[in-house]
Amino acid sequence: MVEIKIIESGYIMADGGAMFGAIPKRAWQRKYESDENNLCRLAMRCVLALSSDRKVLIDTGMGDKHLDKVSYYQPHKLKRMDEALEDYGYSPSDITDVILTHLHFDHCGYATCINKDGEITPSFPNARYWLSRKQWINLLEPNRLEADSIFPENILPIYDAGLLNLVDEDMNLTEGIVLRFFDGHTDGQIVVYIDTDNGQHIFPGDLIPTSSHVPLEWISAYDINALTSVKEKERFLSEIAGDENTLIYCHDAKVVKSKVKRLNNNFIAFDKEQ
C-alpha cells in the first residue's frame, strides 16, 4: 500500500465567474466563498505518495519563477516545495518520480527552479518526470485559450536533462499508483489513483478542482471543451462514486478531501474533510 502526504504549496485568487462558468453566482456563492471583487481563493494542493521503493510527487505548485507574469492571480502564502518536503523529512533529491497532471502554471511551476548560478534546472534531479504526450504537444504548439497559462521554462529544462517521460495511454506507474487520462479541462490531463490502507485516494486535478465542482454541469470556464468535461466527469464519477474512494481536491481552499455519491442523475460530495 501507498502512504500519502498532503502538501499545501500556496494560494491564488481566481474570478468566480471563470471558476464556475455558466453557473449563476447566486448558485455558486452558496457553495464557494468569494470576496468583494468576486475573487475565489484557490489552494494549489499537491500530494506526496510514498511506496516501498518510490517517492512520488503529484504536481508541484506554481513556484516563484514567474510571479510577474501571474500577478493578476494574487499568489500568496507560497511555500517552496523543498521546504514542504523538509516538513516530512525529505529533500528534492529523494523524489523518484514527479507526475505533472497538466502544464498550467499553478500545477507545474516548481518542476524547475533557478539555481545559484541563475540557471533554470529541474527541481528534482533524481526524479523521472511523467507527462502526457498531448500536454507536451500543447507546450510546443499551445492553443490560443491556454497559451498564457503554459510557460516553457517549467518543462524544457527537464526535457534537456533527459528526465522527461511522455505517456501515451493509461499506465501503472508502480504498485498502487495508476495514471489515467481525462480530457476536457485540457487535452491529456492525468488523473492519479493511489491505493492506501484507507481505500483508494484519487487526485483528479482540474477535472474536479473543488468539491463544489462535483455535479456534472458545474464546470469551469477555464476548461477548453465544456461538453468534453461533462462527459469525462460522468465517466470518472460513475466509476468511483461510493464509500471506498476518496477524492483529493487540488484547488478547494477549505475542503481537502471528500467522497462522492450518486444523487438521482447527478453526483454530490459528502463526508468532507477540511
# chains A, B, ... in the order shown; residues from 1 in each chain; ligands from 1
$ residues_around --residues "stretch 228-243 of chain A" --least-positions-apart "5" --cutoff "8 Å" --atoms "only C-alpha atoms" --output "PyMOL selection string"
chain A and resi 182-185+207-208+216-217+219+223+259-262+267
$ write_last_selection --atoms "C-alpha atoms" --output "JSON list (two decimals), in the first residue's frame"
[["chain", "number", "residue", "atom", "x", "y", "z"],
["A", 182, "PHE", "CA", -9.29, 12.55, -18.82],
["A", 183, "ASP", "CA", -9.73, 15.40, -21.30],
["A", 184, "GLY", "CA", -11.94, 18.49, -21.21],
["A", 185, "HIS", "CA", -10.12, 20.93, -18.96],
["A", 207, "LEU", "CA", -11.13, 17.54, -13.85],
["A", 208, "ILE", "CA", -12.80, 18.30, -10.48],
["A", 216, "LEU", "CA", -21.66, 17.25, -13.71],
["A", 217, "GLU", "CA", -22.72, 20.64, -15.06],
["A", 219, "ILE", "CA", -17.51, 23.13, -14.85],
["A", 223, "ASP", "CA", -11.99, 24.24, -19.46],
["A", 259, "LYS", "CA", -16.14, 11.00, -1.02],
["A", 260, "VAL", "CA", -18.71, 11.22, -3.83],
["A", 261, "LYS", "CA", -22.12, 9.62, -4.18],
["A", 262, "ARG", "CA", -24.72, 9.46, -6.90],
["A", 267, "PHE", "CA", -23.30, 13.39, -8.13]]
$ residues_around --residues "A:Met62" --least-positions-apart "4" --cutoff "9 Å" --atoms "only C-alpha atoms" --output "number ranges by chain"
A: 9-10, 44, 66-67, 75, 78, 104-111
$ select_by_dssp --residues "stretch 170-255 of chain A" --states "alpha helix (DSSP H)" --output "list in words"
Ala226, Leu227, Thr228, Ser229, Val230, Lys231, Glu232, Lys233, Glu234, Arg235, Phe236, Leu237, Ser238, Glu239 and Ile240 of chain A
$ select_by_dssp --residues "stretch 25-242 of chain A" --states "strand (DSSP E)" --output "PyMOL selection string"
chain A and resi 39-50+55-58+97-99+112-114+120-122+128-132+164-167+171-174+177-182+189-196+199-203+242
$ residues_around --residues "A:Leu166" --least-positions-apart "2" --cutoff "8 Å" --atoms "only C-alpha atoms" --output "NGL selection string"
:A and (130-133 or 136 or 164 or 168)
$ closest_atom_pairs --of "stretch 184-269 of chain A" --to "stretch 12-33 of chain A" --cutoff "9 Å" --atoms "only C-alpha atoms" --output "Markdown table"
| residue | atom | partner | partner_atom | distance |
| --- | --- | --- | --- | --- |
| A:Ser211 | CA | A:Lys31 | CA | 8.9 |
| A:Ser212 | CA | A:Lys31 | CA | 6.2 |
| A:His213 | CA | A:Phe20 | CA | 7.9 |
| A:Glu217 | CA | A:Ile23 | CA | 8.1 |
| A:Trp218 | CA | A:Phe20 | CA | 6.3 |
| A:Ile219 | CA | A:Phe20 | CA | 5.8 |
| A:Ser220 | CA | A:Met19 | CA | 4.6 |
| A:Ala221 | CA | A:Gly21 | CA | 4.3 |
| A:Tyr222 | CA | A:Ala18 | CA | 6.3 |
| A:Asp223 | CA | A:Gly21 | CA | 9.0 |
| A:Asp252 | CA | A:Tyr32 | CA | 8.8 |
$ write_last_selection --atoms "N, CA and C atoms" --output "PDB file, in the first residue's frame"
ATOM      1  N   SER A 211     -14.577  20.613  -4.343  1.00  0.00           N
ATOM      2  CA  SER A 211     -15.738  19.778  -4.019  1.00  0.00           C
ATOM      3  C   SER A 211     -17.021  20.362  -4.603  1.00  0.00           C
ATOM      4  N   SER A 212     -17.043  21.669  -4.836  1.00  0.00           N
ATOM      5  CA  SER A 212     -18.217  22.300  -5.429  1.00  0.00           C
ATOM      6  C   SER A 212     -18.385  21.927  -6.898  1.00  0.00           C
ATOM      7  N   HIS A 213     -17.323  21.433  -7.531  1.00  0.00           N
ATOM      8  CA  HIS A 213     -17.369  21.098  -8.948  1.00  0.00           C
ATOM      9  C   HIS A 213     -17.748  19.631  -9.196  1.00  0.00           C
ATOM     10  N   GLU A 217     -22.656  19.413 -14.286  1.00  0.00           N
ATOM     11  CA  GLU A 217     -22.719  20.645 -15.063  1.00  0.00           C
ATOM     12  C   GLU A 217     -21.903  21.778 -14.440  1.00  0.00           C
ATOM     13  N   TRP A 218     -21.332  21.563 -13.267  1.00  0.00           N
ATOM     14  CA  TRP A 218     -20.516  22.584 -12.614  1.00  0.00           C
ATOM     15  C   TRP A 218     -19.092  22.482 -13.145  1.00  0.00           C
ATOM     16  N   ILE A 219     -18.828  23.165 -14.233  1.00  0.00           N
ATOM     17  CA  ILE A 219     -17.506  23.133 -14.846  1.00  0.00           C
ATOM     18  C   ILE A 219     -16.964  24.552 -14.964  1.00  0.00           C
ATOM     19  N   SER A 220     -15.679  24.650 -15.074  1.00  0.00           N
ATOM     20  CA  SER A 220     -15.004  25.929 -15.117  1.00  0.00           C
ATOM     21  C   SER A 220     -14.977  26.496 -16.532  1.00  0.00           C
ATOM     22  N   ALA A 221     -15.012  27.823 -16.625  1.00  0.00           N
ATOM     23  CA  ALA A 221     -14.828  28.469 -17.920  1.00  0.00           C
ATOM     24  C   ALA A 221     -13.391  28.338 -18.410  1.00  0.00           C
ATOM     25  N   TYR A 222     -12.486  27.916 -17.535  1.00  0.00           N
ATOM     26  CA  TYR A 222     -11.110  27.646 -17.955  1.00  0.00           C
ATOM     27  C   TYR A 222     -11.014  26.357 -18.774  1.00  0.00           C
ATOM     28  N   ASP A 223     -12.009  25.494 -18.695  1.00  0.00           N
ATOM     29  CA  ASP A 223     -11.989  24.243 -19.461  1.00  0.00           C
ATOM     30  C   ASP A 223     -12.064  24.568 -20.949  1.00  0.00           C
ATOM     31  N   ASP A 252      -9.526  23.354  -3.819  1.00  0.00           N
ATOM     32  CA  ASP A 252     -10.503  23.734  -2.800  1.00  0.00           C
ATOM     33  C   ASP A 252      -9.771  24.293  -1.578  1.00  0.00           C
TER      34      ASP A 252
END
$ atom_distance --atom1 "atom CA of A:Arg41" --atom2 "atom CA of A:Pro142"
26.8 Å
$ atom_distance --atom1 "atom CA of A:Ser34" --atom2 "atom CA of A:Val256"
17.9 Å
